[in-house]
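A.B. asks: Just so it is clear, I am handing over structure_18.txt, which has compact mmCIF, N, CA and C atoms.
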```txt
# COMPACT_ATOMS: atom_id res chain seq x y z
N GLN A 226 94.23 129.25 253.71
CA GLN A 226 93.47 129.50 252.49
C GLN A 226 92.49 128.35 252.26
N VAL A 227 91.23 128.69 252.09
CA VAL A 227 90.21 127.68 251.90
C VAL A 227 90.22 127.19 250.44
N GLN A 228 90.17 125.89 250.31
CA GLN A 228 90.06 125.30 248.97
C GLN A 228 88.98 124.23 248.98
N LEU A 229 88.19 124.22 247.94
CA LEU A 229 87.21 123.17 247.70
C LEU A 229 87.52 122.60 246.33
N VAL A 230 87.71 121.29 246.27
CA VAL A 230 88.09 120.65 245.02
C VAL A 230 87.10 119.54 244.70
N GLU A 231 86.34 119.74 243.62
CA GLU A 231 85.37 118.74 243.20
C GLU A 231 86.01 117.73 242.26
N SER A 232 85.44 116.55 242.25
CA SER A 232 85.85 115.52 241.31
C SER A 232 84.69 114.56 241.09
N GLY A 233 84.80 113.75 240.05
CA GLY A 233 83.81 112.70 239.83
C GLY A 233 82.83 112.94 238.70
N GLY A 234 82.91 114.10 238.06
CA GLY A 234 82.01 114.35 236.95
C GLY A 234 82.36 113.49 235.75
N GLY A 235 81.50 113.56 234.74
CA GLY A 235 81.76 112.79 233.53
C GLY A 235 80.57 112.77 232.60
N LEU A 236 80.69 111.95 231.57
CA LEU A 236 79.64 111.76 230.57
C LEU A 236 79.02 110.39 230.78
N VAL A 237 77.71 110.38 231.01
CA VAL A 237 77.00 109.14 231.23
C VAL A 237 75.70 109.15 230.44
N GLN A 238 75.10 107.98 230.31
CA GLN A 238 73.80 107.88 229.67
C GLN A 238 72.68 108.08 230.70
N ALA A 239 71.53 108.45 230.20
CA ALA A 239 70.37 108.61 231.08
C ALA A 239 70.13 107.31 231.85
N GLY A 240 69.81 107.47 233.13
CA GLY A 240 69.58 106.32 233.99
C GLY A 240 70.79 105.86 234.77
N ALA A 241 71.94 106.35 234.40
CA ALA A 241 73.18 105.95 235.07
C ALA A 241 73.37 106.72 236.37
N SER A 242 74.45 106.38 237.05
CA SER A 242 74.79 107.02 238.33
C SER A 242 76.19 107.61 238.27
N LEU A 243 76.38 108.63 239.09
CA LEU A 243 77.69 109.22 239.29
C LEU A 243 77.80 109.62 240.75
N ARG A 244 79.02 109.64 241.26
CA ARG A 244 79.25 110.17 242.60
C ARG A 244 80.28 111.28 242.52
N LEU A 245 79.87 112.45 242.94
CA LEU A 245 80.77 113.59 243.00
C LEU A 245 81.38 113.68 244.40
N SER A 246 82.59 114.15 244.45
CA SER A 246 83.27 114.39 245.73
C SER A 246 83.73 115.83 245.79
N CYS A 247 83.79 116.35 246.99
CA CYS A 247 84.32 117.70 247.20
C CYS A 247 85.22 117.64 248.44
N ALA A 248 86.49 117.81 248.22
CA ALA A 248 87.46 117.79 249.31
C ALA A 248 87.76 119.21 249.75
N ALA A 249 87.59 119.46 251.03
CA ALA A 249 87.78 120.80 251.58
C ALA A 249 89.07 120.87 252.39
N SER A 250 89.71 122.01 252.34
CA SER A 250 90.89 122.25 253.16
C SER A 250 90.90 123.71 253.58
N GLY A 251 91.60 123.98 254.70
CA GLY A 251 91.73 125.35 255.15
C GLY A 251 90.55 125.88 255.95
N LEU A 252 89.65 125.00 256.37
CA LEU A 252 88.53 125.43 257.18
C LEU A 252 88.19 124.34 258.20
N SER A 253 87.46 124.75 259.24
CA SER A 253 87.00 123.79 260.26
C SER A 253 85.73 123.13 259.74
N PHE A 254 85.93 122.08 259.02
CA PHE A 254 84.89 121.49 258.18
C PHE A 254 83.61 121.17 258.94
N ILE A 255 83.72 120.70 260.17
CA ILE A 255 82.52 120.23 260.87
C ILE A 255 81.51 121.34 261.10
N TRP A 256 81.95 122.58 261.12
CA TRP A 256 81.05 123.69 261.40
C TRP A 256 80.39 124.28 260.14
N TYR A 257 80.76 123.75 258.99
CA TYR A 257 80.32 124.36 257.76
C TYR A 257 79.15 123.64 257.11
N ASP A 258 78.20 124.43 256.65
CA ASP A 258 77.22 123.91 255.71
C ASP A 258 77.95 123.60 254.41
N MET A 259 77.64 122.46 253.84
CA MET A 259 78.21 122.09 252.55
C MET A 259 77.07 121.91 251.56
N GLY A 260 77.14 122.67 250.50
CA GLY A 260 76.07 122.62 249.51
C GLY A 260 76.59 122.26 248.13
N TRP A 261 75.67 121.77 247.32
CA TRP A 261 75.94 121.54 245.90
C TRP A 261 74.97 122.40 245.10
N PHE A 262 75.52 123.07 244.12
CA PHE A 262 74.76 123.87 243.18
C PHE A 262 75.14 123.41 241.77
N ARG A 263 74.34 123.78 240.81
CA ARG A 263 74.67 123.44 239.43
C ARG A 263 74.27 124.57 238.49
N GLN A 264 74.95 124.61 237.38
CA GLN A 264 74.67 125.63 236.39
C GLN A 264 74.75 125.04 235.00
N ALA A 265 73.61 125.06 234.32
CA ALA A 265 73.54 124.58 232.95
C ALA A 265 73.82 125.74 232.01
N PRO A 266 74.23 125.45 230.78
CA PRO A 266 74.53 126.53 229.83
C PRO A 266 73.33 127.45 229.63
N GLY A 267 73.59 128.74 229.74
CA GLY A 267 72.54 129.73 229.52
C GLY A 267 71.55 129.88 230.66
N LYS A 268 71.82 129.20 231.77
CA LYS A 268 70.91 129.28 232.91
C LYS A 268 71.64 129.79 234.15
N GLU A 269 70.87 130.23 235.12
CA GLU A 269 71.45 130.68 236.37
C GLU A 269 71.85 129.48 237.22
N ARG A 270 72.79 129.74 238.12
CA ARG A 270 73.19 128.70 239.05
C ARG A 270 72.02 128.37 239.96
N GLU A 271 71.78 127.08 240.17
CA GLU A 271 70.64 126.68 240.98
C GLU A 271 71.05 125.75 242.11
N PHE A 272 70.29 125.81 243.17
CA PHE A 272 70.49 124.98 244.34
C PHE A 272 70.17 123.53 244.02
N VAL A 273 70.98 122.63 244.54
CA VAL A 273 70.73 121.19 244.41
C VAL A 273 70.44 120.58 245.79
N VAL A 274 71.37 120.75 246.72
CA VAL A 274 71.23 120.13 248.04
C VAL A 274 72.19 120.81 249.00
N VAL A 275 71.82 120.82 250.28
CA VAL A 275 72.72 121.33 251.32
C VAL A 275 72.68 120.39 252.51
N ASN A 276 73.86 120.18 253.07
CA ASN A 276 74.02 119.45 254.32
C ASN A 276 74.47 120.48 255.35
N SER A 277 73.62 120.76 256.33
CA SER A 277 73.88 121.90 257.20
C SER A 277 74.08 121.48 258.65
N TRP A 278 75.01 122.16 259.28
CA TRP A 278 75.31 121.92 260.68
C TRP A 278 74.08 122.26 261.52
N SER A 279 73.74 121.37 262.47
CA SER A 279 72.51 121.57 263.24
C SER A 279 72.75 121.47 264.74
N GLY A 280 73.94 121.78 265.17
CA GLY A 280 74.15 121.92 266.60
C GLY A 280 75.07 120.92 267.24
N SER A 281 75.53 119.92 266.51
CA SER A 281 76.47 118.98 267.10
C SER A 281 77.31 118.37 265.99
N ARG A 282 78.36 117.68 266.39
CA ARG A 282 79.27 117.10 265.39
C ARG A 282 78.62 116.00 264.57
N THR A 283 77.54 115.44 265.06
CA THR A 283 76.91 114.33 264.34
C THR A 283 75.52 114.66 263.87
N ASN A 284 75.09 115.88 264.06
CA ASN A 284 73.72 116.24 263.73
C ASN A 284 73.72 117.26 262.60
N TYR A 285 73.35 116.81 261.42
CA TYR A 285 73.29 117.67 260.26
C TYR A 285 71.92 117.54 259.60
N ALA A 286 71.43 118.64 259.11
CA ALA A 286 70.15 118.63 258.39
C ALA A 286 70.43 118.63 256.90
N VAL A 287 69.50 118.06 256.15
CA VAL A 287 69.67 117.98 254.71
C VAL A 287 68.43 118.53 254.03
N SER A 288 68.65 119.29 252.97
CA SER A 288 67.55 119.82 252.18
C SER A 288 67.87 119.64 250.71
N TYR A 289 66.92 119.13 249.94
CA TYR A 289 67.10 118.86 248.52
C TYR A 289 66.18 119.73 247.68
N ALA A 290 66.64 120.07 246.51
CA ALA A 290 65.76 120.66 245.52
C ALA A 290 64.74 119.61 245.07
N ASP A 291 63.55 120.05 244.76
CA ASP A 291 62.50 119.10 244.36
C ASP A 291 62.92 118.28 243.14
N SER A 292 63.69 118.88 242.28
CA SER A 292 64.05 118.21 241.03
C SER A 292 64.98 117.02 241.23
N VAL A 293 65.61 116.92 242.40
CA VAL A 293 66.56 115.83 242.62
C VAL A 293 66.14 114.92 243.78
N LYS A 294 65.07 115.25 244.46
CA LYS A 294 64.63 114.43 245.60
C LYS A 294 64.37 113.00 245.16
N GLY A 295 64.86 112.07 245.96
CA GLY A 295 64.67 110.66 245.66
C GLY A 295 65.70 110.10 244.69
N ARG A 296 66.50 110.97 244.06
CA ARG A 296 67.52 110.50 243.12
C ARG A 296 68.93 110.83 243.60
N PHE A 297 69.09 111.95 244.25
CA PHE A 297 70.41 112.40 244.72
C PHE A 297 70.49 112.25 246.23
N THR A 298 71.69 111.94 246.71
CA THR A 298 71.92 111.82 248.14
C THR A 298 73.24 112.50 248.49
N ILE A 299 73.18 113.38 249.47
CA ILE A 299 74.39 114.03 249.96
C ILE A 299 74.86 113.33 251.22
N SER A 300 76.16 113.25 251.39
CA SER A 300 76.73 112.72 252.62
C SER A 300 78.05 113.43 252.87
N ARG A 301 78.51 113.34 254.10
CA ARG A 301 79.78 113.97 254.42
C ARG A 301 80.59 113.08 255.33
N ASP A 302 81.89 113.18 255.19
CA ASP A 302 82.82 112.45 256.04
C ASP A 302 83.70 113.51 256.71
N ASN A 303 83.38 113.82 257.96
CA ASN A 303 84.12 114.88 258.64
C ASN A 303 85.58 114.51 258.90
N ALA A 304 85.85 113.22 258.99
CA ALA A 304 87.24 112.79 259.20
C ALA A 304 88.09 113.06 257.96
N LYS A 305 87.45 113.09 256.80
CA LYS A 305 88.17 113.31 255.54
C LYS A 305 87.92 114.70 254.97
N ASN A 306 87.15 115.52 255.68
CA ASN A 306 86.81 116.86 255.18
C ASN A 306 86.24 116.79 253.76
N THR A 307 85.36 115.85 253.55
CA THR A 307 84.84 115.61 252.21
C THR A 307 83.33 115.47 252.24
N VAL A 308 82.69 116.03 251.24
CA VAL A 308 81.26 115.86 251.06
C VAL A 308 81.05 115.18 249.71
N TYR A 309 80.04 114.33 249.67
CA TYR A 309 79.77 113.54 248.48
C TYR A 309 78.36 113.84 247.97
N LEU A 310 78.19 113.66 246.67
CA LEU A 310 76.86 113.73 246.07
C LEU A 310 76.67 112.50 245.20
N GLN A 311 75.86 111.59 245.69
CA GLN A 311 75.52 110.38 244.92
C GLN A 311 74.33 110.72 244.04
N MET A 312 74.50 110.58 242.75
CA MET A 312 73.45 110.92 241.79
C MET A 312 73.03 109.67 241.05
N ASN A 313 71.78 109.28 241.25
CA ASN A 313 71.23 108.10 240.60
C ASN A 313 70.14 108.50 239.61
N SER A 314 69.81 107.59 238.74
CA SER A 314 68.74 107.81 237.76
C SER A 314 68.92 109.16 237.06
N LEU A 315 70.11 109.40 236.58
CA LEU A 315 70.39 110.69 235.97
C LEU A 315 69.57 110.92 234.71
N LYS A 316 69.21 112.18 234.51
CA LYS A 316 68.41 112.59 233.38
C LYS A 316 69.19 113.61 232.55
N PRO A 317 68.86 113.77 231.28
CA PRO A 317 69.55 114.78 230.47
C PRO A 317 69.46 116.18 231.08
N GLU A 318 68.37 116.47 231.75
CA GLU A 318 68.22 117.80 232.36
C GLU A 318 69.11 117.99 233.59
N ASP A 319 69.79 116.96 234.02
CA ASP A 319 70.78 117.11 235.09
C ASP A 319 72.13 117.59 234.56
N THR A 320 72.25 117.68 233.26
CA THR A 320 73.50 118.15 232.66
C THR A 320 73.82 119.57 233.10
N ALA A 321 74.99 119.75 233.67
CA ALA A 321 75.40 121.05 234.20
C ALA A 321 76.81 120.95 234.75
N VAL A 322 77.37 122.09 235.08
CA VAL A 322 78.57 122.12 235.90
C VAL A 322 78.11 122.12 237.35
N TYR A 323 78.63 121.20 238.13
CA TYR A 323 78.25 121.08 239.52
C TYR A 323 79.33 121.70 240.41
N TYR A 324 78.88 122.56 241.32
CA TYR A 324 79.77 123.28 242.21
C TYR A 324 79.52 122.89 243.66
N CYS A 325 80.58 122.73 244.38
CA CYS A 325 80.53 122.55 245.82
C CYS A 325 80.71 123.92 246.47
N ALA A 326 79.99 124.16 247.56
CA ALA A 326 80.09 125.45 248.24
C ALA A 326 80.05 125.24 249.75
N ALA A 327 80.66 126.17 250.47
CA ALA A 327 80.72 126.08 251.93
C ALA A 327 80.32 127.40 252.57
N ARG A 328 79.60 127.28 253.69
CA ARG A 328 79.20 128.46 254.44
C ARG A 328 79.26 128.11 255.92
N TYR A 329 79.91 128.96 256.68
CA TYR A 329 80.08 128.71 258.11
C TYR A 329 78.74 128.78 258.84
N MET A 330 78.36 127.67 259.45
CA MET A 330 77.13 127.57 260.24
C MET A 330 75.99 128.32 259.55
N GLY A 331 75.76 127.94 258.31
CA GLY A 331 74.91 128.72 257.43
C GLY A 331 73.42 128.56 257.56
N GLY A 332 72.95 127.65 258.39
CA GLY A 332 71.51 127.53 258.56
C GLY A 332 70.79 126.87 257.41
N GLY A 333 71.55 126.20 256.54
CA GLY A 333 70.91 125.47 255.45
C GLY A 333 70.41 126.35 254.32
N SER A 334 71.08 127.44 254.05
CA SER A 334 70.63 128.36 253.00
C SER A 334 70.64 127.67 251.64
N VAL A 335 69.64 128.00 250.83
CA VAL A 335 69.58 127.49 249.46
C VAL A 335 69.99 128.56 248.45
N SER A 336 70.43 129.70 248.95
CA SER A 336 70.81 130.80 248.09
C SER A 336 72.31 130.81 247.84
N SER A 337 72.69 130.77 246.59
CA SER A 337 74.11 130.72 246.27
C SER A 337 74.86 131.94 246.79
N GLY A 338 74.19 133.07 246.86
CA GLY A 338 74.83 134.29 247.32
C GLY A 338 75.25 134.27 248.77
N ASP A 339 74.74 133.32 249.54
CA ASP A 339 75.05 133.23 250.96
C ASP A 339 76.33 132.44 251.24
N TYR A 340 76.86 131.78 250.22
CA TYR A 340 78.01 130.90 250.43
C TYR A 340 79.33 131.65 250.24
N ASN A 341 80.26 131.34 251.12
CA ASN A 341 81.53 132.07 251.16
C ASN A 341 82.59 131.47 250.23
N TYR A 342 82.55 130.17 250.08
CA TYR A 342 83.62 129.49 249.36
C TYR A 342 83.03 128.56 248.31
N TRP A 343 83.74 128.51 247.19
CA TRP A 343 83.28 127.71 246.05
C TRP A 343 84.42 126.90 245.45
N GLY A 344 84.06 125.73 244.95
CA GLY A 344 85.01 124.98 244.16
C GLY A 344 85.01 125.43 242.72
N GLN A 345 85.84 124.80 241.92
CA GLN A 345 85.98 125.20 240.52
C GLN A 345 84.92 124.58 239.62
N GLY A 346 84.22 123.59 240.13
CA GLY A 346 83.16 122.95 239.36
C GLY A 346 83.62 121.70 238.65
N THR A 347 82.69 120.79 238.44
CA THR A 347 82.96 119.57 237.67
C THR A 347 81.78 119.34 236.73
N GLN A 348 82.09 119.00 235.50
CA GLN A 348 81.06 118.87 234.47
C GLN A 348 80.39 117.50 234.55
N VAL A 349 79.07 117.54 234.53
CA VAL A 349 78.26 116.32 234.43
C VAL A 349 77.42 116.45 233.17
N THR A 350 77.56 115.47 232.29
CA THR A 350 76.81 115.45 231.05
C THR A 350 76.05 114.14 230.96
N VAL A 351 74.73 114.25 230.78
CA VAL A 351 73.89 113.07 230.70
C VAL A 351 73.27 113.03 229.31
N SER A 352 73.57 111.99 228.57
CA SER A 352 73.05 111.85 227.21
C SER A 352 71.76 111.04 227.23
N SER A 353 70.91 111.34 226.27
CA SER A 353 69.61 110.64 226.20
C SER A 353 69.69 109.39 225.37
```
Show how you would write the structure in this file as structure tokens.
C.D. replies:
Amino acid sequence: QVQLVESGGGLVQAGASLRLSCAASGLSFIWYDMGWFRQAPGKEREFVVVNSWSGSRTNYAVSYADSVKGRFTISRDNAKNTVYLQMNSLKPEDTAVYYCAARYMGGGSVSSGDYNYWGQGTQVTVSS
């Protein structure tokens, strides 16, 4: 059974940093695209970033939403089956529930509908 468990959310002031973690189990992690999406109240779930398998155990491609480029960084530790999202220079508009998602050899899709597995989400609140 596949499980994705996010952690690291919280309440911070604008300009602060947070690091989210997503621990995966029940899947062959190295072959999976790992993405982060977010959903603010009253809004649709939106793409944040994806780290996608690109043909080898050490070769992954990364794609960011324009709204987070230069501020957010995704990384993965295949030995720990964990993907991280380092969020710097946080803004109030980053406030949302952040979800980790996985898709087998997904080609770096930015569409939430393409992902097979989802975590339960972790709340990030940025105050002004």
A.B. asks: So which one's closest to Ala239 of chain A, A:Gln264, A:Gln226, A:Ser277, A:Thr350? Using all atoms listed in the file, please.
C.D. replies: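 Counting all atoms listed in the file, the residue closest to Ala239 of chain A is A:Thr350.
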A.B. asks: Which value, in Å to one decimal, gives the distance between atom N of Val273 of chain A and atom CA of Ala290 of chain A?
C.D. replies: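 Interatomic distance, atom N of Val273 of chain A to atom CA of Ala290 of chain A: 5.7 Å.
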A.B. asks: Where does segment 229-304 of chain A meet segment 320-333 of chain A within 10 Å, residue by residue, with the nearest atom pair and distance in Å to one decimal for each, counting only C-alpha atoms, listed by chain and rising number, as JSON lines?
C.D. replies:
```
{"residue": "A:Leu229", "atom": "CA", "partner": "A:Cys325", "partner_atom": "CA", "distance": 7.0}
{"residue": "A:Val230", "atom": "CA", "partner": "A:Cys325", "partner_atom": "CA", "distance": 7.8}
{"residue": "A:Glu231", "atom": "CA", "partner": "A:Cys325", "partner_atom": "CA", "distance": 6.7}
{"residue": "A:Ser232", "atom": "CA", "partner": "A:Tyr323", "partner_atom": "CA", "distance": 9.6}
{"residue": "A:Gly234", "atom": "CA", "partner": "A:Tyr323", "partner_atom": "CA", "distance": 8.1}
{"residue": "A:Gly235", "atom": "CA", "partner": "A:Thr320", "partner_atom": "CA", "distance": 9.9}
{"residue": "A:Leu236", "atom": "CA", "partner": "A:Thr320", "partner_atom": "CA", "distance": 9.1}
{"residue": "A:Val237", "atom": "CA", "partner": "A:Thr320", "partner_atom": "CA", "distance": 9.8}
{"residue": "A:Leu245", "atom": "CA", "partner": "A:Tyr323", "partner_atom": "CA", "distance": 8.6}
{"residue": "A:Ser246", "atom": "CA", "partner": "A:Cys325", "partner_atom": "CA", "distance": 8.6}
{"residue": "A:Cys247", "atom": "CA", "partner": "A:Cys325", "partner_atom": "CA", "distance": 6.3}
{"residue": "A:Ala248", "atom": "CA", "partner": "A:Cys325", "partner_atom": "CA", "distance": 9.1}
{"residue": "A:Ala249", "atom": "CA", "partner": "A:Ala327", "partner_atom": "CA", "distance": 8.8}
{"residue": "A:Leu252", "atom": "CA", "partner": "A:Tyr329", "partner_atom": "CA", "distance": 9.1}
{"residue": "A:Ser253", "atom": "CA", "partner": "A:Tyr329", "partner_atom": "CA", "distance": 8.8}
{"residue": "A:Phe254", "atom": "CA", "partner": "A:Tyr329", "partner_atom": "CA", "distance": 8.7}
{"residue": "A:Ile255", "atom": "CA", "partner": "A:Met330", "partner_atom": "CA", "distance": 9.1}
{"residue": "A:Trp256", "atom": "CA", "partner": "A:Met330", "partner_atom": "CA", "distance": 5.6}
{"residue": "A:Tyr257", "atom": "CA", "partner": "A:Tyr329", "partner_atom": "CA", "distance": 4.4}
{"residue": "A:Asp258", "atom": "CA", "partner": "A:Arg328", "partner_atom": "CA", "distance": 5.1}
{"residue": "A:Met259", "atom": "CA", "partner": "A:Ala327", "partner_atom": "CA", "distance": 4.8}
{"residue": "A:Gly260", "atom": "CA", "partner": "A:Ala326", "partner_atom": "CA", "distance": 5.1}
{"residue": "A:Trp261", "atom": "CA", "partner": "A:Cys325", "partner_atom": "CA", "distance": 4.7}
{"residue": "A:Phe262", "atom": "CA", "partner": "A:Tyr324", "partner_atom": "CA", "distance": 5.1}
{"residue": "A:Arg263", "atom": "CA", "partner": "A:Tyr323", "partner_atom": "CA", "distance": 4.3}
{"residue": "A:Gln264", "atom": "CA", "partner": "A:Ala321", "partner_atom": "CA", "distance": 5.1}
{"residue": "A:Ala265", "atom": "CA", "partner": "A:Ala321", "partner_atom": "CA", "distance": 4.2}
{"residue": "A:Pro266", "atom": "CA", "partner": "A:Ala321", "partner_atom": "CA", "distance": 7.1}
{"residue": "A:Lys268", "atom": "CA", "partner": "A:Ala321", "partner_atom": "CA", "distance": 9.5}
{"residue": "A:Arg270", "atom": "CA", "partner": "A:Val322", "partner_atom": "CA", "distance": 9.1}
{"residue": "A:Glu271", "atom": "CA", "partner": "A:Tyr323", "partner_atom": "CA", "distance": 9.6}
{"residue": "A:Phe272", "atom": "CA", "partner": "A:Tyr324", "partner_atom": "CA", "distance": 9.7}
{"residue": "A:Val273", "atom": "CA", "partner": "A:Tyr323", "partner_atom": "CA", "distance": 9.0}
{"residue": "A:Val274", "atom": "CA", "partner": "A:Gly333", "partner_atom": "CA", "distance": 9.1}
{"residue": "A:Val275", "atom": "CA", "partner": "A:Gly333", "partner_atom": "CA", "distance": 6.1}
{"residue": "A:Asn276", "atom": "CA", "partner": "A:Gly333", "partner_atom": "CA", "distance": 6.9}
{"residue": "A:Ser277", "atom": "CA", "partner": "A:Gly333", "partner_atom": "CA", "distance": 5.0}
{"residue": "A:Trp278", "atom": "CA", "partner": "A:Met330", "partner_atom": "CA", "distance": 6.0}
{"residue": "A:Ser279", "atom": "CA", "partner": "A:Gly332", "partner_atom": "CA", "distance": 7.6}
{"residue": "A:Gly280", "atom": "CA", "partner": "A:Met330", "partner_atom": "CA", "distance": 9.0}
{"residue": "A:Tyr285", "atom": "CA", "partner": "A:Gly333", "partner_atom": "CA", "distance": 9.5}
{"residue": "A:Ala286", "atom": "CA", "partner": "A:Gly333", "partner_atom": "CA", "distance": 7.5}
{"residue": "A:Val287", "atom": "CA", "partner": "A:Gly333", "partner_atom": "CA", "distance": 7.6}
{"residue": "A:Ser288", "atom": "CA", "partner": "A:Gly333", "partner_atom": "CA", "distance": 7.3}
```
A.B. asks: Quick check, in Å to one decimal: how far apart do atom CA of Ser337 of chain A and atom CA of Gln238 of chain A lie?
C.D. replies: 28.2 Å
A.B. asks: Near Arg244 of chain A, counting only C-alpha atoms, which residues have an atom at most 9 Å away, once you skip same-chain residues fewer than 2 positions from it, shown as a VMD selection string?
C.D. replies: chain A and resid 232 to 234 242 246 309 to 313
A.B. asks: Please produce an output containing N, CA and C atoms for each residue in the selection, written as a tab-separated table (two decimals), keeping the file's coordinate frame.
C.D. replies:
```tsv
chain	number	residue	atom	x	y	z
A	232	SER	N	85.44	116.55	242.25
A	232	SER	CA	85.85	115.52	241.31
A	232	SER	C	84.69	114.56	241.09
A	233	GLY	N	84.80	113.75	240.05
A	233	GLY	CA	83.81	112.70	239.83
A	233	GLY	C	82.83	112.94	238.70
A	234	GLY	N	82.91	114.10	238.06
A	234	GLY	CA	82.01	114.35	236.95
A	234	GLY	C	82.36	113.49	235.75
A	242	SER	N	74.45	106.38	237.05
A	242	SER	CA	74.79	107.02	238.33
A	242	SER	C	76.19	107.61	238.27
A	246	SER	N	82.59	114.15	244.45
A	246	SER	CA	83.27	114.39	245.73
A	246	SER	C	83.73	115.83	245.79
A	309	TYR	N	80.04	114.33	249.67
A	309	TYR	CA	79.77	113.54	248.48
A	309	TYR	C	78.36	113.84	247.97
A	310	LEU	N	78.19	113.66	246.67
A	310	LEU	CA	76.86	113.73	246.07
A	310	LEU	C	76.67	112.50	245.20
A	311	GLN	N	75.86	111.59	245.69
A	311	GLN	CA	75.52	110.38	244.92
A	311	GLN	C	74.33	110.72	244.04
A	312	MET	N	74.50	110.58	242.75
A	312	MET	CA	73.45	110.92	241.79
A	312	MET	C	73.03	109.67	241.05
A	313	ASN	N	71.78	109.28	241.25
A	313	ASN	CA	71.23	108.10	240.60
A	313	ASN	C	70.14	108.50	239.61
```
A.B. asks: Select from segment 234-331 of chain A everything DSSP, run on the backbone, classes as helix (DSSP H, G or I), then give the selection as a list of chain:residue names.
C.D. replies: A:Phe254, A:Ile255, A:Trp256, A:Pro317, A:Glu318, A:Asp319
A.B. asks: Where atoms are absent from segment 308-313 of chain A, fill them in so it carries all heavy atoms, then output it as an mmCIF file, in the frame of the given file.
C.D. replies:
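Contents of the output file part.cif:
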```cif
data_model
loop_
_atom_site.group_PDB
_atom_site.id
_atom_site.type_symbol
_atom_site.label_atom_id
_atom_site.label_comp_id
_atom_site.auth_asym_id
_atom_site.auth_seq_id
_atom_site.Cartn_x
_atom_site.Cartn_y
_atom_site.Cartn_z
ATOM 1 N N VAL A 308 82.690 116.030 251.240
ATOM 2 C CA VAL A 308 81.260 115.860 251.060
ATOM 3 C C VAL A 308 81.050 115.180 249.710
ATOM 4 O O VAL A 308 81.812 115.408 248.757
ATOM 5 C CB VAL A 308 80.515 117.212 251.138
ATOM 6 C CG1 VAL A 308 80.937 118.157 250.025
ATOM 7 C CG2 VAL A 308 79.010 117.006 251.131
ATOM 8 N N TYR A 309 80.040 114.330 249.670
ATOM 9 C CA TYR A 309 79.770 113.540 248.480
ATOM 10 C C TYR A 309 78.360 113.840 247.970
ATOM 11 O O TYR A 309 77.460 114.173 248.746
ATOM 12 C CB TYR A 309 79.880 112.053 248.787
ATOM 13 C CG TYR A 309 81.203 111.646 249.367
ATOM 14 C CD1 TYR A 309 81.374 111.520 250.743
ATOM 15 C CD2 TYR A 309 82.300 111.394 248.546
ATOM 16 C CE1 TYR A 309 82.583 111.151 251.285
ATOM 17 C CE2 TYR A 309 83.520 111.023 249.080
ATOM 18 C CZ TYR A 309 83.662 110.906 250.446
ATOM 19 O OH TYR A 309 84.872 110.542 250.985
ATOM 20 N N LEU A 310 78.190 113.660 246.670
ATOM 21 C CA LEU A 310 76.860 113.730 246.070
ATOM 22 C C LEU A 310 76.670 112.500 245.200
ATOM 23 O O LEU A 310 77.285 112.379 244.137
ATOM 24 C CB LEU A 310 76.699 115.007 245.237
ATOM 25 C CG LEU A 310 75.314 115.194 244.606
ATOM 26 C CD1 LEU A 310 74.246 115.333 245.693
ATOM 27 C CD2 LEU A 310 75.290 116.400 243.681
ATOM 28 N N GLN A 311 75.860 111.590 245.690
ATOM 29 C CA GLN A 311 75.520 110.380 244.920
ATOM 30 C C GLN A 311 74.330 110.720 244.040
ATOM 31 O O GLN A 311 73.271 111.121 244.561
ATOM 32 C CB GLN A 311 75.179 109.230 245.855
ATOM 33 C CG GLN A 311 74.761 107.962 245.128
ATOM 34 C CD GLN A 311 75.884 107.344 244.326
ATOM 35 O OE1 GLN A 311 77.021 107.278 244.786
ATOM 36 N NE2 GLN A 311 75.567 106.889 243.122
ATOM 37 N N MET A 312 74.500 110.580 242.750
ATOM 38 C CA MET A 312 73.450 110.920 241.790
ATOM 39 C C MET A 312 73.030 109.670 241.050
ATOM 40 O O MET A 312 73.829 109.070 240.325
ATOM 41 C CB MET A 312 73.966 111.976 240.803
ATOM 42 C CG MET A 312 74.518 113.220 241.488
ATOM 43 S SD MET A 312 74.958 114.520 240.326
ATOM 44 C CE MET A 312 76.288 113.745 239.432
ATOM 45 N N ASN A 313 71.780 109.280 241.250
ATOM 46 C CA ASN A 313 71.230 108.100 240.600
ATOM 47 C C ASN A 313 70.140 108.500 239.610
ATOM 48 O O ASN A 313 69.609 109.610 239.680
ATOM 49 C CB ASN A 313 70.656 107.144 241.643
ATOM 50 C CG ASN A 313 71.694 106.633 242.610
ATOM 51 O OD1 ASN A 313 72.874 106.486 242.272
ATOM 52 N ND2 ASN A 313 71.269 106.350 243.834
#
```
